[in-house]
>>> print(open('target.tsv').read())   # TSV, C-alpha atoms and all ligand atoms
chain	number	residue	atom	x	y	z
K	1	MET	CA	0.00	0.00	0.00
K	2	ALA	CA	1.37	3.37	-0.99
K	3	ILE	CA	1.89	5.71	1.94
K	4	ARG	CA	0.00	8.87	1.01
K	5	PHE	CA	-0.50	12.23	2.70
K	6	ASP	CA	-3.41	13.64	0.67
K	7	ASN	CA	-5.18	16.36	2.69
K	8	ARG	CA	-2.56	15.98	5.41
K	9	VAL	CA	-0.66	19.03	6.62
K	10	VAL	CA	3.00	18.43	7.35
K	11	ILE	CA	5.48	20.76	9.06
K	12	VAL	CA	9.15	20.00	8.49
K	13	THR	CA	11.46	22.27	10.47
K	14	GLY	CA	14.82	23.20	9.00
K	15	SER	CA	13.68	22.03	5.57
K	16	GLY	CA	15.50	24.62	3.49
K	17	ASN	CA	18.53	22.36	3.20
K	18	GLY	CA	19.83	18.82	3.61
K	19	LEU	CA	17.63	16.15	5.13
K	20	GLY	CA	14.68	18.43	5.84
K	21	LYS	CA	14.54	19.53	2.21
K	22	SER	CA	14.56	15.92	1.06
K	23	HIS	CA	11.75	15.08	3.53
K	24	ALA	CA	9.65	18.11	2.51
K	25	LEU	CA	9.91	17.32	-1.21
K	26	GLU	CA	8.94	13.69	-0.64
K	27	PHE	CA	5.95	14.57	1.57
K	28	ALA	CA	4.77	16.95	-1.17
K	29	ARG	CA	5.21	14.26	-3.85
K	30	ARG	CA	2.98	12.05	-1.73
K	31	GLY	CA	0.18	14.61	-1.64
K	32	ALA	CA	0.94	16.54	1.56
K	33	ARG	CA	0.50	20.25	2.12
K	34	VAL	CA	3.89	21.21	3.47
K	35	VAL	CA	5.11	23.99	5.74
K	36	VAL	CA	8.73	24.45	4.75
K	37	ASN	CA	10.23	26.00	7.86
K	38	ASP	CA	13.77	27.29	7.88
K	39	LEU	CA	15.47	30.07	9.73
K	40	GLY	CA	18.12	30.11	7.01
K	41	ALA	CA	20.92	29.96	9.54
K	42	ALA	CA	24.55	29.02	8.85
K	43	ARG	CA	25.71	25.60	10.04
K	44	ASP	CA	26.66	27.06	13.44
K	45	GLY	CA	23.25	28.71	13.84
K	46	SER	CA	24.32	32.25	12.97
K	47	GLY	CA	22.40	34.51	10.56
K	48	ALA	CA	18.96	34.13	8.96
K	49	SER	CA	17.53	34.16	5.43
K	50	SER	CA	14.29	32.98	3.82
K	51	GLU	CA	16.04	32.10	0.55
K	52	ALA	CA	16.52	28.37	1.15
K	53	ALA	CA	12.94	27.74	2.35
K	54	ASP	CA	11.49	29.85	-0.47
K	55	ALA	CA	13.45	27.84	-3.05
K	56	VAL	CA	12.09	24.54	-1.68
K	57	VAL	CA	8.53	25.95	-1.76
K	58	ARG	CA	9.03	27.07	-5.36
K	59	GLN	CA	10.22	23.59	-6.30
K	60	ILE	CA	7.13	22.01	-4.70
K	61	LEU	CA	4.75	24.48	-6.38
K	62	ASP	CA	6.47	23.97	-9.76
K	63	ASP	CA	5.87	20.23	-9.38
K	64	GLY	CA	2.16	20.88	-8.77
K	65	GLY	CA	2.28	20.47	-4.99
K	66	GLU	CA	1.18	22.71	-2.12
K	67	ALA	CA	3.57	24.40	0.29
K	68	ILE	CA	4.19	27.55	2.26
K	69	SER	CA	7.46	28.96	3.48
K	70	ASN	CA	8.08	29.91	7.10
K	71	GLY	CA	11.12	31.51	8.69
K	72	ALA	CA	10.45	30.82	12.38
K	73	ASN	CA	13.39	30.17	14.65
K	74	VAL	CA	12.33	26.91	16.35
K	75	ALA	CA	14.05	28.05	19.53
K	76	ASP	CA	11.56	30.92	19.80
K	77	PHE	CA	8.14	29.71	20.97
K	78	ALA	CA	6.28	32.87	19.89
K	79	GLU	CA	7.59	32.49	16.32
K	80	VAL	CA	6.69	28.80	16.34
K	81	GLU	CA	3.14	29.61	17.48
K	82	VAL	CA	2.79	32.01	14.54
K	83	MET	CA	4.02	29.26	12.18
K	84	VAL	CA	1.39	26.82	13.44
K	85	ALA	CA	-1.31	29.54	13.30
K	86	GLU	CA	-0.39	30.19	9.65
K	87	ALA	CA	-0.69	26.49	8.82
K	88	LEU	CA	-4.07	26.29	10.57
K	89	GLU	CA	-5.34	29.43	8.89
K	90	ARG	CA	-4.33	28.13	5.48
K	91	TRP	CA	-5.26	24.46	5.76
K	92	GLY	CA	-7.17	24.00	9.05
K	93	ARG	CA	-5.10	21.19	10.57
K	94	VAL	CA	-1.60	19.88	11.31
K	95	ASP	CA	-1.13	16.14	10.92
K	96	VAL	CA	2.61	15.65	10.92
K	97	LEU	CA	5.49	17.44	12.59
K	98	VAL	CA	9.05	16.52	11.71
K	99	ASN	CA	11.45	18.16	14.16
K	100	ASN	CA	14.53	18.33	11.97
K	101	ALA	CA	16.09	21.80	12.39
K	102	GLY	CA	19.53	21.73	13.90
K	103	ILE	CA	22.96	23.27	14.25
K	104	LEU	CA	26.44	22.24	15.35
K	105	ARG	CA	28.95	23.85	17.69
K	106	ASP	CA	31.52	21.08	18.01
K	107	LYS	CA	34.37	21.29	20.53
K	108	THR	CA	35.75	19.01	23.21
K	109	PHE	CA	34.02	19.51	26.53
K	110	ALA	CA	37.21	20.95	27.99
K	111	LYS	CA	37.24	23.73	25.41
K	112	MET	CA	33.51	24.27	25.13
K	113	ASP	CA	31.97	27.54	26.12
K	114	LEU	CA	28.72	26.97	28.03
K	115	LYS	CA	27.06	29.43	25.63
K	116	ASP	CA	27.67	26.97	22.79
K	117	PHE	CA	26.36	24.12	24.92
K	118	ARG	CA	23.15	26.00	25.69
K	119	LEU	CA	22.63	27.17	22.12
K	120	VAL	CA	22.80	23.63	20.73
K	121	VAL	CA	20.42	22.33	23.42
K	122	ASP	CA	18.17	25.30	22.70
K	123	VAL	CA	17.83	24.59	18.99
K	124	HIS	CA	17.60	20.79	19.09
K	125	LEU	CA	15.79	20.10	22.36
K	126	ALA	CA	13.90	23.31	23.17
K	127	GLY	CA	13.20	23.76	19.43
K	128	SER	CA	11.58	20.33	19.25
K	129	VAL	CA	9.70	20.96	22.50
K	130	ASN	CA	8.40	24.31	21.20
K	131	CYS	CA	7.16	22.89	17.92
K	132	THR	CA	5.62	19.86	19.61
K	133	LYS	CA	3.91	22.03	22.22
K	134	ALA	CA	2.49	24.29	19.51
K	135	VAL	CA	0.87	21.38	17.63
K	136	TRP	CA	0.03	19.09	20.56
K	137	GLU	CA	-3.41	20.51	21.37
K	138	VAL	CA	-4.28	20.64	17.67
K	139	MET	CA	-3.38	16.97	17.27
K	140	ARG	CA	-5.22	15.98	20.46
K	141	GLU	CA	-8.37	17.68	19.20
K	142	GLN	CA	-8.01	16.03	15.81
K	143	GLN	CA	-7.37	12.69	17.55
K	144	TYR	CA	-4.56	12.27	15.06
K	145	GLY	CA	-0.92	13.21	14.87
K	146	ARG	CA	2.48	11.94	13.84
K	147	ILE	CA	5.64	13.46	15.30
K	148	VAL	CA	9.18	12.53	14.32
K	149	MET	CA	12.13	13.66	16.41
K	150	THR	CA	15.54	13.79	14.79
K	151	SER	CA	18.02	12.13	17.11
K	152	SER	CA	21.55	11.04	16.21
K	153	SER	CA	24.10	8.30	16.71
K	154	SER	CA	26.10	10.98	18.54
K	155	GLY	CA	23.41	10.99	21.21
K	156	LEU	CA	22.64	7.28	21.20
K	157	TYR	CA	26.27	6.18	21.31
K	158	GLY	CA	28.42	9.28	21.85
K	159	ASN	CA	30.84	11.16	19.62
K	160	PHE	CA	34.10	12.88	20.47
K	161	GLY	CA	33.64	16.66	20.47
K	162	GLN	CA	29.84	16.57	20.56
K	163	THR	CA	28.81	16.62	24.23
K	164	ASN	CA	26.33	19.44	23.60
K	165	TYR	CA	24.85	17.91	20.47
K	166	GLY	CA	24.86	14.36	21.86
K	167	ALA	CA	23.12	15.41	25.07
K	168	ALA	CA	20.43	17.28	23.13
K	169	LYS	CA	19.94	14.42	20.68
K	170	MET	CA	19.55	11.80	23.42
K	171	ALA	CA	17.16	14.12	25.26
K	172	LEU	CA	14.89	13.86	22.22
K	173	VAL	CA	14.61	10.12	22.83
K	174	GLY	CA	13.47	10.86	26.37
K	175	LEU	CA	10.98	13.40	25.04
K	176	MET	CA	9.67	10.83	22.56
K	177	ASN	CA	9.30	8.09	25.19
K	178	SER	CA	6.96	10.06	27.43
K	179	LEU	CA	5.13	11.89	24.63
K	180	ALA	CA	4.33	8.56	22.97
K	181	LEU	CA	2.72	7.37	26.20
K	182	GLU	CA	0.75	10.60	26.64
K	183	GLY	CA	-0.28	10.77	22.98
K	184	ALA	CA	-1.40	7.14	22.61
K	185	LYS	CA	-5.04	7.64	23.49
K	186	TYR	CA	-5.32	10.63	21.15
K	187	GLY	CA	-3.99	8.84	18.09
K	188	ILE	CA	-0.65	10.65	18.29
K	189	ASN	CA	2.35	8.51	17.43
K	190	VAL	CA	5.81	9.77	18.28
K	191	ASN	CA	9.00	8.30	16.85
K	192	ALA	CA	12.64	9.19	16.39
K	193	LEU	CA	15.04	9.08	13.48
K	194	ALA	CA	18.81	8.68	13.73
K	195	PRO	CA	19.96	9.71	10.26
K	196	ILE	CA	23.32	9.49	8.52
K	197	ALA	CA	23.60	11.73	5.48
K	198	ALA	CA	26.03	13.83	3.58
K	199	THR	CA	24.88	17.38	4.20
K	200	ARG	CA	26.68	20.58	5.08
K	201	MET	CA	26.47	19.34	8.68
K	202	THR	CA	28.79	16.42	7.95
K	203	SER	CA	30.75	17.83	5.02
K	204	ASP	CA	34.02	18.11	6.92
K	205	LEU	CA	33.77	14.71	8.60
K	206	MET	CA	33.76	12.38	5.58
K	207	THR	CA	35.68	11.58	2.39
K	208	GLU	CA	34.23	12.33	-1.07
K	209	GLU	CA	33.63	8.66	-1.77
K	210	VAL	CA	31.63	8.14	1.41
K	211	LEU	CA	29.72	11.39	0.92
K	212	ALA	CA	28.48	10.11	-2.45
K	213	LEU	CA	26.83	7.10	-0.81
K	214	LEU	CA	25.09	9.15	1.81
K	215	GLU	CA	22.51	11.23	-0.01
K	216	PRO	CA	19.69	12.59	2.19
K	217	GLU	CA	17.15	10.87	-0.10
K	218	ALA	CA	18.36	7.55	1.30
K	219	VAL	CA	17.13	8.59	4.78
K	220	THR	CA	13.75	10.10	3.89
K	221	PRO	CA	11.87	6.77	3.44
K	222	ALA	CA	12.27	6.17	7.18
K	223	VAL	CA	10.63	9.52	7.96
K	224	ILE	CA	7.77	8.87	5.55
K	225	PHE	CA	7.20	5.48	7.18
K	226	LEU	CA	7.34	6.94	10.73
K	227	ALA	CA	4.89	9.71	9.75
K	228	GLY	CA	2.40	7.56	7.87
K	229	GLU	CA	-1.03	6.43	9.05
K	230	ASP	CA	0.24	2.96	9.89
K	231	ALA	CA	3.37	4.19	11.63
K	232	PRO	CA	4.53	2.48	14.80
K	233	THR	CA	5.03	4.56	17.93
K	234	ARG	CA	7.96	5.06	20.33
K	235	GLN	CA	10.49	3.63	17.90
K	236	ILE	CA	13.97	4.81	17.01
K	237	VAL	CA	14.93	4.15	13.40
K	238	ALA	CA	18.46	4.64	12.13
K	239	ALA	CA	18.75	5.30	8.40
K	240	GLY	CA	21.48	6.07	5.90
K	241	ALA	CA	23.08	4.81	2.66
K	242	GLY	CA	19.90	2.80	2.01
K	243	VAL	CA	20.28	0.87	5.28
K	244	PHE	CA	17.51	0.95	7.91
K	245	ALA	CA	17.84	-0.36	11.46
K	246	ARG	CA	15.83	-0.23	14.68
K	247	VAL	CA	17.61	1.01	17.78
K	248	VAL	CA	16.47	-0.53	21.06
K	249	ILE	CA	17.14	0.34	24.67
K	250	GLN	CA	17.12	-2.78	26.80
K	251	GLU	CA	17.77	-3.77	30.39
K	252	THR	CA	19.47	-6.90	31.69
K	253	PRO	CA	17.39	-9.15	33.98
K	254	GLY	CA	19.31	-7.82	36.99
K	255	VAL	CA	20.63	-9.50	40.12
K	256	PHE	CA	19.07	-9.52	43.57
K	257	LEU	CA	21.79	-9.03	46.16
K	258	GLY	CA	19.53	-9.19	49.18
K	259	THR	CA	19.79	-7.11	52.27
K	260	ASP	CA	22.85	-8.86	53.67
K	261	ARG	CA	25.02	-8.36	50.54
K	262	ARG	CA	23.70	-4.94	49.56
K	263	ASP	CA	26.99	-3.05	49.40
K	264	ALA	CA	29.29	-1.67	46.69
K	265	GLU	CA	31.73	-4.57	46.99
K	266	HIS	CA	29.00	-7.09	46.21
K	267	VAL	CA	27.84	-4.97	43.27
K	268	ALA	CA	31.45	-5.10	42.02
K	269	SER	CA	31.76	-8.86	42.46
K	270	ALA	CA	28.38	-9.47	40.80
K	271	TRP	CA	29.18	-7.07	37.93
K	272	GLU	CA	29.65	-9.80	35.34
K	273	GLN	CA	26.22	-11.25	36.15
K	274	ILE	CA	24.59	-7.80	36.40
K	275	SER	CA	25.84	-6.89	32.94
K	276	ASP	CA	25.07	-10.28	31.37
K	277	THR	CA	22.82	-9.45	28.40
K	278	GLY	CA	21.16	-12.89	28.30
K	279	GLY	CA	17.41	-12.42	28.78
K	280	GLN	CA	17.59	-8.64	28.48
K	281	ARG	CA	14.48	-6.87	27.21
K	282	GLU	CA	12.83	-3.57	26.37
K	283	LEU	CA	10.53	-1.95	28.91
K	284	GLU	CA	7.34	-0.19	27.84
K	285	ALA	CA	7.48	2.53	30.50
K	286	GLY	CA	9.56	3.56	33.50
K	287	GLY	CA	7.10	2.06	35.99
K	288	GLU	CA	7.69	-1.36	34.49
K	289	GLN	CA	11.20	-1.30	35.93
K	290	THR	CA	9.85	-0.74	39.45
K	291	VAL	CA	7.44	-3.65	39.05
K	292	LYS	CA	10.21	-5.87	37.66
K	293	PHE	CA	12.57	-5.04	40.55
K	294	LEU	CA	9.90	-5.52	43.21
K	295	GLN	CA	8.81	-8.83	41.70
K	296	LYS	CA	12.40	-10.05	41.51
K	297	ALA	CA	13.13	-9.09	45.11
K	298	ALA	CA	9.83	-10.54	46.34
K	299	ALA	CA	10.40	-13.82	44.49
K	300	GLU	CA	13.89	-14.21	45.97
K	301	LEU	CA	12.61	-13.38	49.46
K	302	GLY	CA	9.54	-15.60	49.13
K	303	ILE	CA	7.20	-12.63	49.73
K	304	HIS	CA	3.83	-12.47	47.99
K	305	LEU	CA	3.10	-9.02	46.52
K	306	SER	CA	-0.57	-8.17	46.06
W	1	LIG	P1	21.60	21.05	7.52
W	1	LIG	O1	22.49	22.04	8.21
W	1	LIG	O2	21.81	20.76	6.09
W	1	LIG	O3	20.08	21.49	7.72
W	1	LIG	C1	19.60	21.97	8.93
W	1	LIG	C2	18.64	23.11	8.63
W	1	LIG	O4	18.09	23.59	9.87
W	1	LIG	C3	19.29	24.30	7.93
W	1	LIG	O5	18.61	24.58	6.73
W	1	LIG	C4	19.18	25.43	8.94
W	1	LIG	O6	18.98	26.70	8.35
W	1	LIG	C5	17.99	24.99	9.75
W	1	LIG	N1	17.98	25.59	11.09
W	1	LIG	C6	19.03	25.70	11.94
W	1	LIG	N2	18.65	26.30	13.07
W	1	LIG	C7	17.32	26.56	12.94
W	1	LIG	C8	16.38	27.18	13.79
W	1	LIG	N3	16.71	27.62	14.99
W	1	LIG	N4	15.09	27.27	13.35
W	1	LIG	C9	14.74	26.82	12.12
W	1	LIG	N5	15.62	26.25	11.27
W	1	LIG	C10	16.89	26.11	11.67
W	1	LIG	O7	21.71	19.72	8.39
W	1	LIG	P2	21.19	18.22	8.14
W	1	LIG	O8	22.37	17.34	8.10
W	1	LIG	O9	20.20	18.15	7.05
W	1	LIG	O10	20.50	17.92	9.55
W	1	LIG	C11	19.11	17.79	9.74
W	1	LIG	C12	18.88	17.16	11.10
W	1	LIG	O11	19.43	15.84	11.13
W	1	LIG	C13	19.54	17.91	12.25
W	1	LIG	O12	18.70	17.86	13.38
W	1	LIG	C14	20.79	17.11	12.50
W	1	LIG	O13	21.27	17.28	13.81
W	1	LIG	C15	20.30	15.71	12.24
W	1	LIG	N6	21.34	14.76	11.96
W	1	LIG	C16	22.05	14.81	10.80
W	1	LIG	C17	23.01	13.86	10.54
W	1	LIG	C18	23.72	13.82	9.25
W	1	LIG	O14	24.47	12.85	9.05
W	1	LIG	N7	23.55	14.79	8.38
W	1	LIG	C19	23.37	12.83	11.53
W	1	LIG	C20	22.53	12.82	12.69
W	1	LIG	C21	21.58	13.78	12.88
>>> encode(input="target.tsv", output="structure tokens", more="lines below")
Ligand code: NAI
Amino acid sequence: MAIRFDNRVVIVTGSGNGLGKSHALEFARRGARVVVNDLGAARDGSGASSEAADAVVRQILDDGGEAISNGANVADFAEVEVMVAEALERWGRVDVLVNNAGILRDKTFAKMDLKDFRLVVDVHLAGSVNCTKAVWEVMREQQYGRIVMTSSSSGLYGNFGQTNYGAAKMALVGLMNSLALEGAKYGINVNALAPIAATRMTSDLMTEEVLALLEPEAVTPAVIFLAGEDAPTRQIVAAGAGVFARVVIQETPGVFLGTDRRDAEHVASAWEQISDTGGQRELEAGGEQTVKFLQKAAAELGIHLS
């Protein structure tokens, strides 16, 4: 079944360039009405221009699609509210939000100015929070919504020189986890993408040969899937070079040390068993961990929990 977005309104932040542009064009090809948001900032977040977003809108209109350009800075909630109001005024609903806008201020933690740390968190995390907040009530009322966060392997696994970016990108996974739980009964699915693509963001990290393999268009199918009607929820999908993978956070079964051995030395001596991944699994919500731990302790102690 083709994944279509006819009569759906889609906001893609930071879609004047790179991945966002590729997503916006593909949503439009699949029938969506697209808000092409872009502040038009440089890679480090400085400056602003509507040129890039306007060019993407022109391309969509030339191909017979529907789109409007918006220059909101996602880190500014008032500007984001205006963007959502414009979409509602024009088309009456917002079905999909792809939080994609982002910047880099790479430096080792030792050399990093806290201003650069805050700015990166502001654009990636607060920017995604602002946009999500501005559409959340709309989606709840519609009883329908699809939100895609843009995370990163730098957050999921770490990357030298990217403490600010990695922290913000992993925070988006936390945001997704709880939003997915809160959105479930309103038909709002929330997922995350961990892309790998050759854009201006990565241009100085890779060789020419590798860059050629990593076109943004190879990532976009994951976003379309995560934003479609039959999308899953609370999933992290990594995508790049035509490869798609699911990222999972799991917990080992754990070890009950009892009250008599409950000290740091016993944690150290049980470390191999504690970290044994056999039987590890995903948990559906934080509370499940509490239940699991209580059940494990109770079973070992022979206590019956009601
Ligand atoms: P890009 O630099 O080509 O595009 C980002 C766009 O966001 C730019 O057009 C920029 O003007 C816009 N933008 C920046 N700050 C903004 C703000 N405050 N408000 C509105 N728009 C703003 O970068 P790329 O590579 O396309 O990245 C897109 C997303 O994917 C980012 O969130 C990035 O962190 C993430 N990502 C990219 C990876 C890659 O390999 N390219 C790897 C992992 C994550």
>>> closest_residue(input="target.tsv", among="K:Pro253, K:Ser153, K:Arg261, K:Gln162", to="K:Ala110", atoms="all atoms listed in the file")
K:Gln162
>>> residues_around(input="target.tsv", residues="K:Ile68", least_positions_apart="4", cutoff="10 Å", atoms="all atoms listed in the file", output="count of residues only")
16
>>> closest_atom_pairs(input="target.tsv", of="chain K", to="ligand LIG 1 (chain W)", cutoff="6 Å", atoms="all atoms listed in the file", output="Markdown table")
| residue | atom | partner | partner_atom | distance |
| --- | --- | --- | --- | --- |
| K:Thr13 | CA | W:LIG1 | N5 | 5.8 |
| K:Gly14 | CA | W:LIG1 | O4 | 3.4 |
| K:Ser15 | CA | W:LIG1 | O5 | 5.7 |
| K:Gly16 | CA | W:LIG1 | O5 | 4.5 |
| K:Asn17 | CA | W:LIG1 | O5 | 4.2 |
| K:Gly18 | CA | W:LIG1 | O9 | 3.5 |
| K:Leu19 | CA | W:LIG1 | O9 | 3.8 |
| K:Gly20 | CA | W:LIG1 | O9 | 5.7 |
| K:Asp38 | CA | W:LIG1 | N5 | 4.0 |
| K:Leu39 | CA | W:LIG1 | C9 | 4.1 |
| K:Gly40 | CA | W:LIG1 | O6 | 3.8 |
| K:Ala41 | CA | W:LIG1 | O6 | 4.0 |
| K:Arg43 | CA | W:LIG1 | O1 | 5.1 |
| K:Gly45 | CA | W:LIG1 | N2 | 5.2 |
| K:Ala72 | CA | W:LIG1 | C9 | 5.9 |
| K:Asn73 | CA | W:LIG1 | N4 | 3.6 |
| K:Val74 | CA | W:LIG1 | N4 | 4.1 |
| K:Ala75 | CA | W:LIG1 | N3 | 5.3 |
| K:Asn100 | CA | W:LIG1 | O12 | 4.4 |
| K:Ala101 | CA | W:LIG1 | O4 | 3.7 |
| K:Gly102 | CA | W:LIG1 | O12 | 4.0 |
| K:Ile103 | CA | W:LIG1 | C6 | 5.2 |
| K:Val123 | CA | W:LIG1 | N3 | 5.1 |
| K:Thr150 | CA | W:LIG1 | O12 | 5.3 |
| K:Ser151 | CA | W:LIG1 | C21 | 5.8 |
| K:Ser152 | CA | W:LIG1 | C20 | 4.1 |
| K:Ala194 | CA | W:LIG1 | C20 | 5.7 |
| K:Pro195 | CA | W:LIG1 | C20 | 4.7 |
| K:Ile196 | CA | W:LIG1 | O14 | 3.6 |
| K:Ala197 | CA | W:LIG1 | O14 | 3.8 |
| K:Ala198 | CA | W:LIG1 | N7 | 5.5 |
| K:Thr199 | CA | W:LIG1 | O8 | 4.6 |
| K:Arg200 | CA | W:LIG1 | O2 | 5.0 |
| K:Met201 | CA | W:LIG1 | O8 | 4.6 |
| K:Thr202 | CA | W:LIG1 | N7 | 5.5 |
>>> write_last_selection(input="target.tsv", atoms="C-alpha atoms", output="CSV table (one decimal), in the frame of the given file")
chain,number,residue,atom,x,y,z
K,13,THR,CA,11.5,22.3,10.5
K,14,GLY,CA,14.8,23.2,9.0
K,15,SER,CA,13.7,22.0,5.6
K,16,GLY,CA,15.5,24.6,3.5
K,17,ASN,CA,18.5,22.4,3.2
K,18,GLY,CA,19.8,18.8,3.6
K,19,LEU,CA,17.6,16.2,5.1
K,20,GLY,CA,14.7,18.4,5.8
K,38,ASP,CA,13.8,27.3,7.9
K,39,LEU,CA,15.5,30.1,9.7
K,40,GLY,CA,18.1,30.1,7.0
K,41,ALA,CA,20.9,30.0,9.5
K,43,ARG,CA,25.7,25.6,10.0
K,45,GLY,CA,23.2,28.7,13.8
K,72,ALA,CA,10.4,30.8,12.4
K,73,ASN,CA,13.4,30.2,14.6
K,74,VAL,CA,12.3,26.9,16.4
K,75,ALA,CA,14.0,28.0,19.5
K,100,ASN,CA,14.5,18.3,12.0
K,101,ALA,CA,16.1,21.8,12.4
K,102,GLY,CA,19.5,21.7,13.9
K,103,ILE,CA,23.0,23.3,14.2
K,123,VAL,CA,17.8,24.6,19.0
K,150,THR,CA,15.5,13.8,14.8
K,151,SER,CA,18.0,12.1,17.1
K,152,SER,CA,21.6,11.0,16.2
K,194,ALA,CA,18.8,8.7,13.7
K,195,PRO,CA,20.0,9.7,10.3
K,196,ILE,CA,23.3,9.5,8.5
K,197,ALA,CA,23.6,11.7,5.5
K,198,ALA,CA,26.0,13.8,3.6
K,199,THR,CA,24.9,17.4,4.2
K,200,ARG,CA,26.7,20.6,5.1
K,201,MET,CA,26.5,19.3,8.7
K,202,THR,CA,28.8,16.4,8.0
>>> atom_distance(input="target.tsv", atom1="atom CA of K:Ala192", atom2="atom CA of K:Lys107")
25.2 Å
>>> residues_around(input="target.tsv", residues="stretch 170-181 of chain K", least_positions_apart="5", cutoff="12 Å", atoms="all atoms listed in the file", output="count of residues only")
59
>>> axis_aligned_box(input="target.tsv", around="stretch 48-63 of chain K", padding_each_side="4 Å", output="lines of an AutoDock Vina configuration file")
center_x = 11.9
center_y = 27.2
center_z = -0.4
size_x = 22.2
size_y = 21.9
size_z = 26.7
>>> closest_residue(input="target.tsv", among="K:Gly71, K:Asp113, K:Gly31, K:Val223", to="K:Ser49", atoms="only C-alpha atoms")
K:Gly71
>>> closest_residue(input="target.tsv", among="K:Gly92, K:Pro216, K:Gly279, K:Gly161", to="K:Thr252", atoms="only C-alpha atoms")
K:Gly279
>>> atom_distance(input="target.tsv", atom1="atom CA of K:Val10", atom2="atom CA of K:Gln59")
16.3 Å
>>> atom_distance(input="target.tsv", atom1="atom CA of K:Val98", atom2="atom CA of K:Met206")
25.8 Å
>>> closest_residue(input="target.tsv", among="K:Gly242, K:Asp106, K:Gly278, K:Tyr144", to="K:Asp204", atoms="all atoms listed in the file")
K:Asp106
>>> closest_residue(input="target.tsv", among="K:Arg8, K:Arg246, K:His23, K:His266", to="K:Gln142", atoms="all atoms listed in the file")
K:Arg8
>>> closest_residue(input="target.tsv", among="K:Gly47, K:Arg93, K:Arg30, K:Ser22", to="K:Val9", atoms="only C-alpha atoms")
K:Arg93
